[in-house]
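Asker: Input structure.pdb, format and content: PDB, C-alpha atoms.
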ATOM      1  CA  MET N   1       0.000   0.000   0.000
ATOM      2  CA  LYS N   2       2.813   2.437   0.877
ATOM      3  CA  LEU N   3       4.550   1.653  -2.404
ATOM      4  CA  LEU N   4       1.388   2.462  -4.363
ATOM      5  CA  ASP N   5       0.977   5.701  -2.431
ATOM      6  CA  GLN N   6       4.576   6.609  -3.219
ATOM      7  CA  MET N   7       4.040   5.860  -6.905
ATOM      8  CA  LYS N   8       1.019   8.166  -6.918
ATOM      9  CA  ALA N   9       3.008  10.880  -5.133
ATOM     10  CA  ASP N  10       5.736  10.566  -7.759
ATOM     11  CA  GLY N  11       3.195  11.060 -10.502
ATOM     12  CA  ILE N  12       3.409   7.498 -11.783
ATOM     13  CA  GLU N  13       0.132   6.335 -13.299
ATOM     14  CA  LEU N  14      -0.986   3.074 -11.723
ATOM     15  CA  ASP N  15      -2.254   0.331 -13.980
ATOM     16  CA  GLY N  16      -3.992  -2.993 -13.429
ATOM     17  CA  TYR N  17      -0.662  -4.804 -13.108
ATOM     18  CA  SER N  18       0.463  -2.534 -10.264
ATOM     19  CA  TYR N  19      -2.750  -3.052  -8.359
ATOM     20  CA  SER N  20      -2.834  -6.806  -9.008
ATOM     21  CA  SER N  21       0.721  -7.171  -7.694
ATOM     22  CA  ALA N  22      -0.177  -5.281  -4.530
ATOM     23  CA  ILE N  23      -3.305  -7.379  -4.011
ATOM     24  CA  SER N  24      -1.257 -10.559  -4.476
ATOM     25  CA  ALA N  25       1.054  -9.363  -1.698
ATOM     26  CA  CYS N  26      -2.023  -8.807   0.477
ATOM     27  CA  GLY N  27      -3.163 -12.324  -0.392
ATOM     28  CA  HIS N  28       0.065 -13.882   0.852
ATOM     29  CA  GLY N  29      -0.222 -11.931   4.089
ATOM     30  CA  GLY N  30      -3.940 -12.446   4.622
ATOM     31  CA  ARG N  31      -4.494  -8.667   4.657
ATOM     32  CA  TRP N  32      -8.058  -8.875   3.429
ATOM     33  CA  LYS N  33      -9.166  -5.335   4.315
ATOM     34  CA  GLU N  34      -6.349  -3.839   2.277
ATOM     35  CA  ALA N  35      -7.157  -6.191  -0.595
ATOM     36  CA  LEU N  36     -10.800  -5.092  -0.635
ATOM     37  CA  GLU N  37      -9.745  -1.454  -0.535
ATOM     38  CA  LEU N  38      -7.464  -1.964  -3.524
ATOM     39  CA  ILE N  39     -10.275  -3.656  -5.459
ATOM     40  CA  ARG N  40     -12.446  -0.618  -4.697
ATOM     41  CA  GLN N  41      -9.720   1.724  -5.924
ATOM     42  CA  MET N  42      -9.304  -0.291  -9.120
ATOM     43  CA  LYS N  43     -13.024   0.024  -9.873
ATOM     44  CA  GLU N  44     -12.864   3.783  -9.418
ATOM     45  CA  GLY N  45      -9.696   4.226 -11.451
ATOM     46  CA  GLY N  46     -11.152   3.874 -14.914
ATOM     47  CA  PRO N  47     -10.806   1.316 -17.727
ATOM     48  CA  LYS N  48      -7.043   0.862 -17.294
ATOM     49  CA  THR N  49      -7.379  -0.294 -13.706
ATOM     50  CA  ARG N  50     -10.573  -2.325 -13.799
ATOM     51  CA  PRO N  51     -10.059  -5.471 -11.633
ATOM     52  CA  ASN N  52      -9.120  -8.512 -13.685
ATOM     53  CA  ARG N  53      -9.306 -12.191 -12.799
ATOM     54  CA  VAL N  54      -5.833 -12.154 -11.240
ATOM     55  CA  ALA N  55      -6.757  -9.279  -8.930
ATOM     56  CA  TYR N  56     -10.022 -10.851  -7.863
ATOM     57  CA  THR N  57      -8.379 -14.223  -7.238
ATOM     58  CA  ALA N  58      -5.657 -12.622  -5.109
ATOM     59  CA  ALA N  59      -8.301 -10.749  -3.102
ATOM     60  CA  ILE N  60     -10.278 -13.980  -2.603
ATOM     61  CA  THR N  61      -7.102 -15.616  -1.313
ATOM     62  CA  ALA N  62      -6.494 -12.744   1.114
ATOM     63  CA  CYS N  63     -10.020 -13.065   2.489
ATOM     64  CA  GLY N  64      -9.710 -16.844   2.672
ATOM     65  CA  ARG N  65      -6.531 -16.748   4.721
ATOM     66  CA  SER N  66      -8.322 -14.583   7.281
ATOM     67  CA  GLY N  67     -11.466 -16.711   7.451
ATOM     68  CA  GLU N  68     -13.526 -14.048   5.678
ATOM     69  CA  TRP N  69     -15.413 -16.523   3.522
ATOM     70  CA  LYS N  70     -18.418 -14.234   2.957
ATOM     71  CA  HIS N  71     -16.209 -11.553   1.444
ATOM     72  CA  ALA N  72     -14.450 -14.199  -0.649
ATOM     73  CA  LEU N  73     -17.788 -15.424  -1.974
ATOM     74  CA  GLU N  74     -18.927 -11.873  -2.718
ATOM     75  CA  LEU N  75     -15.735 -11.205  -4.671
ATOM     76  CA  PHE N  76     -16.166 -14.426  -6.647
ATOM     77  CA  ASP N  77     -19.755 -13.575  -7.557
ATOM     78  CA  THR N  78     -18.849  -9.973  -8.390
ATOM     79  CA  MET N  79     -16.111 -11.205 -10.702
ATOM     80  CA  ARG N  80     -18.537 -13.392 -12.615
ATOM     81  CA  ASN N  81     -21.314 -10.812 -12.688
ATOM     82  CA  GLU N  82     -18.833  -8.377 -14.249
ATOM     83  CA  GLY N  83     -18.293 -10.830 -17.087
ATOM     84  CA  LEU N  84     -14.963 -12.299 -15.928
ATOM     85  CA  GLN N  85     -14.786 -16.065 -16.263
ATOM     86  CA  PRO N  86     -13.187 -17.702 -13.210
ATOM     87  CA  ASP N  87     -10.555 -20.355 -13.817
ATOM     88  CA  ARG N  88      -9.520 -23.295 -11.659
ATOM     89  CA  VAL N  89      -7.119 -21.134  -9.639
ATOM     90  CA  ALA N  90      -9.986 -18.817  -8.713
ATOM     91  CA  TYR N  91     -12.242 -21.739  -7.829
ATOM     92  CA  ASN N  92      -9.555 -23.332  -5.669
ATOM     93  CA  ALA N  93      -8.986 -20.016  -3.892
ATOM     94  CA  LEU N  94     -12.708 -19.874  -3.102
ATOM     95  CA  VAL N  95     -12.792 -23.489  -1.926
ATOM     96  CA  PHE N  96      -9.837 -22.756   0.356
ATOM     97  CA  SER N  97     -11.730 -19.860   1.920
ATOM     98  CA  LEU N  98     -14.753 -22.099   2.483
ATOM     99  CA  ARG N  99     -12.579 -24.693   4.192
ATOM    100  CA  VAL N 100     -11.108 -22.121   6.552
ATOM    101  CA  GLY N 101     -14.611 -20.772   7.183
ATOM    102  CA  ARG N 102     -16.019 -24.292   7.692
ATOM    103  CA  ARG N 103     -18.746 -23.973   5.065
ATOM    104  CA  PRO N 104     -19.311 -27.536   3.797
ATOM    105  CA  ASN N 105     -22.583 -26.910   1.961
ATOM    106  CA  GLU N 106     -21.202 -24.026  -0.057
ATOM    107  CA  ALA N 107     -18.042 -26.008  -0.813
ATOM    108  CA  TYR N 108     -20.108 -28.952  -2.046
ATOM    109  CA  GLU N 109     -22.052 -26.599  -4.338
ATOM    110  CA  ILE N 110     -18.785 -25.345  -5.791
ATOM    111  CA  TRP N 111     -17.634 -28.935  -6.333
ATOM    112  CA  SER N 112     -20.853 -29.747  -8.218
ATOM    113  CA  GLU N 113     -20.358 -26.641 -10.329
ATOM    114  CA  MET N 114     -16.771 -27.544 -11.210
ATOM    115  CA  CYS N 115     -17.900 -31.028 -12.219
ATOM    116  CA  GLY N 116     -20.517 -29.526 -14.534
ATOM    117  CA  LYS N 117     -23.462 -30.824 -12.523
ATOM    118  CA  THR N 118     -24.891 -27.378 -11.719
ATOM    119  CA  GLN N 119     -24.762 -23.941 -13.289
ATOM    120  CA  GLY N 120     -22.933 -20.997 -11.792
ATOM    121  CA  ILE N 121     -25.192 -18.942  -9.536
ATOM    122  CA  SER N 122     -24.759 -15.806  -7.490
ATOM    123  CA  ARG N 123     -25.039 -16.825  -3.843
ATOM    124  CA  THR N 124     -24.695 -13.388  -2.327
ATOM    125  CA  THR N 125     -27.952 -11.863  -3.561
ATOM    126  CA  THR N 126     -31.312 -12.107  -1.819
ATOM    127  CA  THR N 127     -32.665 -14.136  -4.733
ATOM    128  CA  LYS N 128     -30.156 -16.475  -6.279
ATOM    129  CA  LYS N 129     -29.592 -15.708  -9.947
ATOM    130  CA  TYR N 130     -27.414 -17.186 -12.613
ATOM    131  CA  ALA N 131     -24.070 -15.448 -12.922
ATOM    132  CA  SER N 132     -23.585 -13.545 -16.154
ATOM    133  CA  ALA N 133     -20.230 -15.206 -16.874
ATOM    134  CA  ARG N 134     -20.290 -18.968 -17.175
ATOM    135  CA  ALA N 135     -16.870 -20.503 -16.687
ATOM    136  CA  ASP N 136     -15.432 -22.537 -19.528
ATOM    137  CA  GLN N 137     -15.792 -26.058 -18.144
ATOM    138  CA  LYS N 138     -12.430 -27.266 -19.426
ATOM    139  CA  HIS N 139     -10.671 -24.494 -17.473
ATOM    140  CA  ILE N 140     -12.291 -25.326 -14.123
ATOM    141  CA  LEU N 141     -11.903 -29.101 -14.045
ATOM    142  CA  PRO N 142     -11.030 -30.087 -10.462
ATOM    143  CA  ASP N 143      -7.537 -31.271  -9.571
ATOM    144  CA  GLU N 144      -5.887 -32.813  -6.503
ATOM    145  CA  ILE N 145      -5.926 -29.475  -4.698
ATOM    146  CA  THR N 146      -9.652 -29.083  -5.318
ATOM    147  CA  VAL N 147     -10.496 -32.587  -4.123
ATOM    148  CA  SER N 148      -8.295 -32.324  -1.032
ATOM    149  CA  GLU N 149      -9.788 -28.968  -0.042
ATOM    150  CA  ILE N 150     -13.380 -30.111  -0.639
ATOM    151  CA  ILE N 151     -12.938 -33.317   1.360
ATOM    152  CA  ALA N 152     -11.161 -31.445   4.168
ATOM    153  CA  THR N 153     -14.077 -28.994   4.270
ATOM    154  CA  LEU N 154     -16.663 -31.767   4.411
ATOM    155  CA  HIS N 155     -14.600 -33.562   7.042
ATOM    156  CA  ARG N 156     -14.113 -30.502   9.194
ATOM    157  CA  THR N 157     -17.669 -29.214   9.481
ATOM    158  CA  ALA N 158     -18.891 -26.516  11.865
ATOM    159  CA  ILE N 159     -20.611 -29.134  14.042
ATOM    160  CA  GLY N 160     -17.524 -31.286  14.141
ATOM    161  CA  ARG N 161     -18.970 -34.373  12.422
ATOM    162  CA  PRO N 162     -17.712 -35.291   8.961
ATOM    163  CA  ASN N 163     -20.184 -35.955   6.151
ATOM    164  CA  SER N 164     -18.846 -39.339   5.051
ATOM    165  CA  THR N 165     -21.529 -39.849   2.398
ATOM    166  CA  ARG N 166     -20.598 -36.680   0.531
ATOM    167  CA  ILE N 167     -16.891 -37.270   1.101
ATOM    168  CA  ASP N 168     -17.136 -40.720  -0.474
ATOM    169  CA  GLU N 169     -19.189 -39.295  -3.357
ATOM    170  CA  VAL N 170     -16.543 -36.651  -4.038
ATOM    171  CA  PHE N 171     -13.719 -39.181  -3.879
ATOM    172  CA  SER N 172     -15.548 -41.610  -6.174
ATOM    173  CA  GLU N 173     -15.970 -38.819  -8.730
ATOM    174  CA  ALA N 174     -12.273 -37.971  -8.365
ATOM    175  CA  VAL N 175     -11.355 -41.577  -9.134
ATOM    176  CA  LYS N 176     -13.598 -41.575 -12.227
ATOM    177  CA  ARG N 177     -11.799 -38.439 -13.408
ATOM    178  CA  GLY N 178      -8.375 -39.998 -12.813
ATOM    179  CA  ILE N 179      -7.445 -37.471 -10.139
ATOM    180  CA  PHE N 180      -6.754 -40.124  -7.496
ATOM    181  CA  LEU N 181      -6.009 -43.870  -7.826
ATOM    182  CA  ASN N 182      -5.297 -43.398 -11.512
ATOM    183  CA  PRO N 183      -5.345 -46.805 -13.259
ATOM    184  CA  ASN N 184      -2.269 -45.762 -15.242
ATOM    185  CA  SER N 185      -0.270 -45.571 -11.993
ATOM    186  CA  LEU N 186       1.012 -48.493  -9.939
ATOM    187  CA  ASN N 187      -2.240 -48.690  -7.952
ATOM    188  CA  SER N 188      -4.368 -51.819  -8.140
ATOM    189  CA  MET N 189      -7.313 -53.183  -6.191
ATOM    190  CA  TRP N 190      -4.928 -54.946  -3.829
ATOM    191  CA  GLU N 191      -2.045 -52.507  -3.529
ATOM    192  CA  VAL N 192      -2.811 -48.798  -3.163
ATOM    193  CA  ASP N 193      -0.371 -45.941  -2.659
ATOM    194  CA  LEU N 194      -1.743 -43.460  -0.102
ATOM    195  CA  SER N 195       1.544 -41.695   0.561
ATOM    196  CA  GLY N 196       1.278 -37.932   0.377
ATOM    197  CA  MET N 197      -2.491 -37.878   0.733
ATOM    198  CA  PRO N 198      -4.080 -35.663   3.412
ATOM    199  CA  LEU N 199      -5.631 -37.798   6.156
ATOM    200  CA  PRO N 200      -9.298 -37.255   5.187
ATOM    201  CA  VAL N 201      -8.486 -38.135   1.573
ATOM    202  CA  ALA N 202      -6.613 -41.266   2.668
ATOM    203  CA  SER N 203      -9.636 -42.289   4.749
ATOM    204  CA  ALA N 204     -11.895 -41.903   1.728
ATOM    205  CA  ALA N 205      -9.446 -43.916  -0.389
ATOM    206  CA  CYS N 206      -9.500 -46.795   2.117
ATOM    207  CA  ARG N 207     -13.303 -46.860   2.118
ATOM    208  CA  PHE N 208     -13.411 -46.683  -1.684
ATOM    209  CA  VAL N 209     -10.993 -49.591  -2.182
ATOM    210  CA  LEU N 210     -12.570 -51.886   0.394
ATOM    211  CA  ASN N 211     -16.158 -51.133  -0.602
ATOM    212  CA  ASN N 212     -15.192 -51.778  -4.212
ATOM    213  CA  ILE N 213     -13.826 -55.193  -3.251
ATOM    214  CA  LEU N 214     -17.034 -55.858  -1.312
ATOM    215  CA  ARG N 215     -19.266 -54.859  -4.254
ATOM    216  CA  ILE N 216     -17.396 -57.153  -6.611
ATOM    217  CA  ALA N 217     -17.692 -60.049  -4.164
ATOM    218  CA  GLN N 218     -21.419 -59.413  -3.697
ATOM    219  CA  ALA N 219     -22.037 -59.115  -7.438
ATOM    220  CA  SER N 220     -20.127 -62.311  -8.285
ATOM    221  CA  GLY N 221     -21.374 -64.308  -5.317
ATOM    222  CA  THR N 222     -17.877 -65.670  -4.799
ATOM    223  CA  SER N 223     -15.067 -64.955  -2.386
ATOM    224  CA  PRO N 224     -12.328 -62.578  -3.552
ATOM    225  CA  PRO N 225      -8.921 -63.996  -4.502
ATOM    226  CA  ASP N 226      -6.644 -65.214  -1.740
ATOM    227  CA  LYS N 227      -4.791 -61.899  -1.530
ATOM    228  CA  ASP N 228      -3.920 -59.376   1.143
ATOM    229  CA  VAL N 229      -4.852 -55.715   0.744
ATOM    230  CA  GLN N 230      -1.841 -53.418   1.061
ATOM    231  CA  PHE N 231      -1.950 -49.671   1.665
ATOM    232  CA  ILE N 232       1.382 -47.940   1.113
ATOM    233  CA  THR N 233       1.643 -45.081   3.604
ATOM    234  CA  GLY N 234       5.314 -44.505   4.230
ATOM    235  CA  THR N 235       6.661 -43.815   7.688
ATOM    236  CA  GLY N 236       6.936 -40.078   7.315
ATOM    237  CA  LYS N 237       6.117 -37.072   9.425
ATOM    238  CA  SER N 238       2.890 -36.354  11.225
ATOM    239  CA  HIS N 239      -0.151 -34.900   9.503
ATOM    240  CA  ALA N 240      -2.836 -32.627  10.900
ATOM    241  CA  MET N 241      -5.833 -34.756  11.851
ATOM    242  CA  ASN N 242      -8.265 -32.676   9.787
ATOM    243  CA  GLY N 243      -6.033 -32.397   6.761
ATOM    244  CA  GLY N 244      -5.538 -28.630   6.717
ATOM    245  CA  ASP N 245      -2.351 -26.683   7.227
ATOM    246  CA  ASP N 246      -4.186 -24.310   9.538
ATOM    247  CA  ASP N 247      -5.630 -27.008  11.774
ATOM    248  CA  GLU N 248      -4.837 -27.189  15.422
ATOM    249  CA  GLY N 249      -4.884 -30.162  17.739
ATOM    250  CA  THR N 250      -3.451 -33.648  17.555
ATOM    251  CA  THR N 251      -1.370 -35.033  14.723
ATOM    252  CA  THR N 252      -0.591 -38.554  13.626
ATOM    253  CA  THR N 253       1.379 -40.367  10.972
ATOM    254  CA  LEU N 254      -0.513 -41.510   7.906
ATOM    255  CA  ARG N 255       0.336 -45.122   8.724
ATOM    256  CA  GLU N 256      -1.222 -44.989  12.185
ATOM    257  CA  HIS N 257      -4.178 -43.009  10.896
ATOM    258  CA  VAL N 258      -4.960 -45.709   8.323
ATOM    259  CA  ARG N 259      -4.697 -48.438  10.951
ATOM    260  CA  GLY N 260      -7.101 -46.484  13.118
ATOM    261  CA  ILE N 261      -9.603 -46.001  10.292
ATOM    262  CA  LEU N 262      -9.594 -49.698   9.469
ATOM    263  CA  SER N 263     -10.176 -50.787  13.062
ATOM    264  CA  GLU N 264     -12.660 -48.056  14.041
ATOM    265  CA  GLU N 265     -14.776 -47.343  10.965
ATOM    266  CA  PHE N 266     -15.371 -50.883   9.759
ATOM    267  CA  ASP N 267     -17.582 -53.532  11.346
ATOM    268  CA  PRO N 268     -16.250 -56.027  12.130
ATOM    269  CA  PRO N 269     -12.937 -54.205  12.623
ATOM    270  CA  LEU N 270     -10.273 -54.678   9.974
ATOM    271  CA  TYR N 271      -7.212 -55.135  12.133
ATOM    272  CA  ALA N 272      -4.124 -54.503  10.026
ATOM    273  CA  THR N 273      -0.484 -55.426  10.455
ATOM    274  CA  ILE N 274       2.826 -53.721   9.664
ATOM    275  CA  PRO N 275       5.297 -56.088   7.965
ATOM    276  CA  LYS N 276       8.690 -56.075   9.634
ATOM    277  CA  ARG N 277      10.438 -55.571   6.291
ATOM    278  CA  ALA N 278       7.947 -53.021   4.960
ATOM    279  CA  GLN N 279       7.366 -50.544   7.757
ATOM    280  CA  GLY N 280       5.648 -48.104   5.417
ATOM    281  CA  THR N 281       2.885 -50.535   4.478
ATOM    282  CA  VAL N 282      -0.401 -51.340   6.223
ATOM    283  CA  VAL N 283      -1.623 -54.839   5.379
ATOM    284  CA  ILE N 284      -5.061 -56.385   5.790
ATOM    285  CA  ARG N 285      -4.515 -60.125   5.791
ATOM    286  CA  ASN N 286      -6.823 -62.133   3.564
ATOM    287  CA  ALA N 287      -8.379 -64.003   6.490
ATOM    288  CA  VAL N 288      -9.402 -60.703   8.110
ATOM    289  CA  LEU N 289     -10.754 -59.422   4.803
ATOM    290  CA  GLN N 290     -12.744 -62.604   4.184
ATOM    291  CA  LYS N 291     -14.341 -62.383   7.634
ATOM    292  CA  TRP N 292     -15.422 -58.784   6.984
ATOM    293  CA  ILE N 293     -16.860 -59.648   3.558
ATOM    294  CA  SER N 294     -18.699 -62.698   4.925
ATOM    295  CA  SER N 295     -20.374 -60.516   7.575
ATOM    296  CA  LYS N 296     -21.712 -58.234   4.842
ATOM    297  CA  VAL N 297     -22.817 -60.947   2.428
ATOM    298  CA  ALA N 298     -24.574 -63.068   5.053
TER     299      ALA N 298
END
Write out the structure in this file as structure tokens.
Answerer:
Amino acid sequence: MKLLDQMKADGIELDGYSYSSAISACGHGGRWKEALELIRQMKEGGPKTRPNRVAYTAAITACGRSGEWKHALELFDTMRNEGLQPDRVAYNALVFSLRVGRRPNEAYEIWSEMCGKTQGISRTTTTKKYASARADQKHILPDEITVSEIIATLHRTAIGRPNSTRIDEVFSEAVKRGIFLNPNSLNSMWEVDLSGMPLPVASAACRFVLNNILRIAQASGTSPPDKDVQFITGTGKSHAMNGGDDDEGTTTTLREHVRGILSEEFDPPLYATIPKRAQGTVVIRNAVLQKWISSKVA
């Protein structure tokens, strides 16, 4: 802000690039009030300084870092209503703000929009209306960041209880789109690499893999092959329990988190082992898997 003031004092004409750079700096520092003020100044500065997509996205990021999700949503809707098409970066910035603000319903709406299941609407007016600028679908396709932020938002709701149904729906769609568990990778039904995944995403991956095995067994009427299920987790550093870099509270390693999910979320419990020669792998022995499947088929 001081640099812009100095430029004005020196008689230097500010353009959209100058303002956008300053707003980006505000975004990194979470200085949302300054970002909103700069957007206001850009609107009043004439055609050369009208806010562009970069400026709006930076301002959304600044609001998101400060938990000002309502302002972030207003900026997003204003951008579209002014005829600017948001791209995936802008969408991800908005989703981030909704995660920090713990707004699962709004985040799920954004997810549906990015997947092309709903049209873009203005959510900040008394009567919802369709935004004047529809995003080009190919430029807003969700990626790993989108999926991780959406699932973290659904997991970390305002009432403290995750929405597992929606989480599993989002993850299943991500698999269909090749975002996670891509068939072209080394993943298979029996050996899945979870390393690097945020904890809520890893939980969804475990449920997806095991429920898929169960569905196949139920559809075929036969027992699955005599194989163990292996989840590759690594033995690395702790992760925040809710999957966000701003989360507070307890942490755990991905390996121990997966073991906990398997024993606590499944009935009967899927007690897993850690091979002595593969400390970064969580293994469900076939006998344990067969017992769980039999309880569901019976």
Asker: When you count only C-alpha atoms, which of these residues is closest to Cys115 of chain N: N:Leu181, N:Ala25, N:Leu199, N:Ile140?
Answerer: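 Comparing N:Leu181, N:Ala25, N:Leu199, N:Ile140 against Cys115 of chain N, the winner is N:Ile140.
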Asker: Find the residues around Ser172 of chain N up to 12 Å (all atoms listed in the file counted), leave out those fewer than 4 positions away in its own chain, and share them as number ranges by chain.
Answerer: N: 147, 151, 164-168, 176-182, 201, 204-209, 211-212
Asker: Once the PyMOL selection byres ((chain N and resi 73) around 9) has been applied to the shown file, what residues remain in the selection, as a compact mmCIF listing (two decimals) with C-alpha atoms, keeping the file's coordinate frame?
Answerer:
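Result file follows (selection02.txt):
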# COMPACT_ATOMS: atom_id res chain seq x y z
CA ILE N 60 -10.28 -13.98 -2.60
CA GLU N 68 -13.53 -14.05 5.68
CA TRP N 69 -15.41 -16.52 3.52
CA LYS N 70 -18.42 -14.23 2.96
CA HIS N 71 -16.21 -11.55 1.44
CA ALA N 72 -14.45 -14.20 -0.65
CA GLU N 74 -18.93 -11.87 -2.72
CA LEU N 75 -15.74 -11.20 -4.67
CA PHE N 76 -16.17 -14.43 -6.65
CA ASP N 77 -19.76 -13.58 -7.56
CA THR N 78 -18.85 -9.97 -8.39
CA LEU N 94 -12.71 -19.87 -3.10
CA SER N 97 -11.73 -19.86 1.92
CA LEU N 98 -14.75 -22.10 2.48
CA SER N 122 -24.76 -15.81 -7.49
CA ARG N 123 -25.04 -16.82 -3.84
CA THR N 124 -24.70 -13.39 -2.33
Asker: Compare N:Leu194, N:Val175, N:Ala287, N:Val297 by their minimum atom-to-atom distance to Val258 of chain N, counting all atoms listed in the file, and give me the closest one.
Answerer: N:Leu194
Asker: Considering all atoms listed in the file, can you say which of N:Glu173, N:Ala62, N:Arg53, N:Gly67 comes closest to Gly83 of chain N?
Answerer: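 Distance minimum relative to Gly83 of chain N lands on N:Arg53.
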Asker: Kindly give the distance, in Å, that separates atom CA of Asp228 of chain N and atom CA of Ile284 of chain N, rounded to a single decimal.
Answerer: 5.6 Å
Asker: Counting all atoms listed in the file, I want the residues whose atoms come within 9 Å of (-17.9, -57.5, 6.2) in the file frame, returned as a VMD selection string.
Answerer: chain N and resid 214 266 to 270 289 to 298
Asker: Given the selection you just returned, output its residues as a file containing C-alpha atoms, formatted as a PDB file, in the frame of the given file.
Answerer:
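New file selection.pdb:
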ATOM      1  CA  LEU N 214     -17.034 -55.858  -1.312  1.00  0.00           C
ATOM      2  CA  PHE N 266     -15.371 -50.883   9.759  1.00  0.00           C
ATOM      3  CA  ASP N 267     -17.582 -53.532  11.346  1.00  0.00           C
ATOM      4  CA  PRO N 268     -16.250 -56.027  12.130  1.00  0.00           C
ATOM      5  CA  PRO N 269     -12.937 -54.205  12.623  1.00  0.00           C
ATOM      6  CA  LEU N 270     -10.273 -54.678   9.974  1.00  0.00           C
ATOM      7  CA  LEU N 289     -10.754 -59.422   4.803  1.00  0.00           C
ATOM      8  CA  GLN N 290     -12.744 -62.604   4.184  1.00  0.00           C
ATOM      9  CA  LYS N 291     -14.341 -62.383   7.634  1.00  0.00           C
ATOM     10  CA  TRP N 292     -15.422 -58.784   6.984  1.00  0.00           C
ATOM     11  CA  ILE N 293     -16.860 -59.648   3.558  1.00  0.00           C
ATOM     12  CA  SER N 294     -18.699 -62.698   4.925  1.00  0.00           C
ATOM     13  CA  SER N 295     -20.374 -60.516   7.575  1.00  0.00           C
ATOM     14  CA  LYS N 296     -21.712 -58.234   4.842  1.00  0.00           C
ATOM     15  CA  VAL N 297     -22.817 -60.947   2.428  1.00  0.00           C
ATOM     16  CA  ALA N 298     -24.574 -63.068   5.053  1.00  0.00           C
TER      17      ALA N 298
END
Asker: Identify all residues satisfying the PyMOL selection byres ((chain N and resi 29-41) around 6) in the given file; provide them as number ranges by chain.
Answerer: N: 23, 26-28, 42-44, 59, 62-63, 65-66
Asker: Just to be explicit: take each residue in the selection above, keep C-alpha atoms, and write the result as a PDB file, in the coordinates of the input.
Answerer:
ATOM      1  CA  ILE N  23      -3.305  -7.379  -4.011  1.00  0.00           C
ATOM      2  CA  CYS N  26      -2.023  -8.807   0.477  1.00  0.00           C
ATOM      3  CA  GLY N  27      -3.163 -12.324  -0.392  1.00  0.00           C
ATOM      4  CA  HIS N  28       0.065 -13.882   0.852  1.00  0.00           C
ATOM      5  CA  MET N  42      -9.304  -0.291  -9.120  1.00  0.00           C
ATOM      6  CA  LYS N  43     -13.024   0.024  -9.873  1.00  0.00           C
ATOM      7  CA  GLU N  44     -12.864   3.783  -9.418  1.00  0.00           C
ATOM      8  CA  ALA N  59      -8.301 -10.749  -3.102  1.00  0.00           C
ATOM      9  CA  ALA N  62      -6.494 -12.744   1.114  1.00  0.00           C
ATOM     10  CA  CYS N  63     -10.020 -13.065   2.489  1.00  0.00           C
ATOM     11  CA  ARG N  65      -6.531 -16.748   4.721  1.00  0.00           C
ATOM     12  CA  SER N  66      -8.322 -14.583   7.281  1.00  0.00           C
TER      13      SER N  66
END
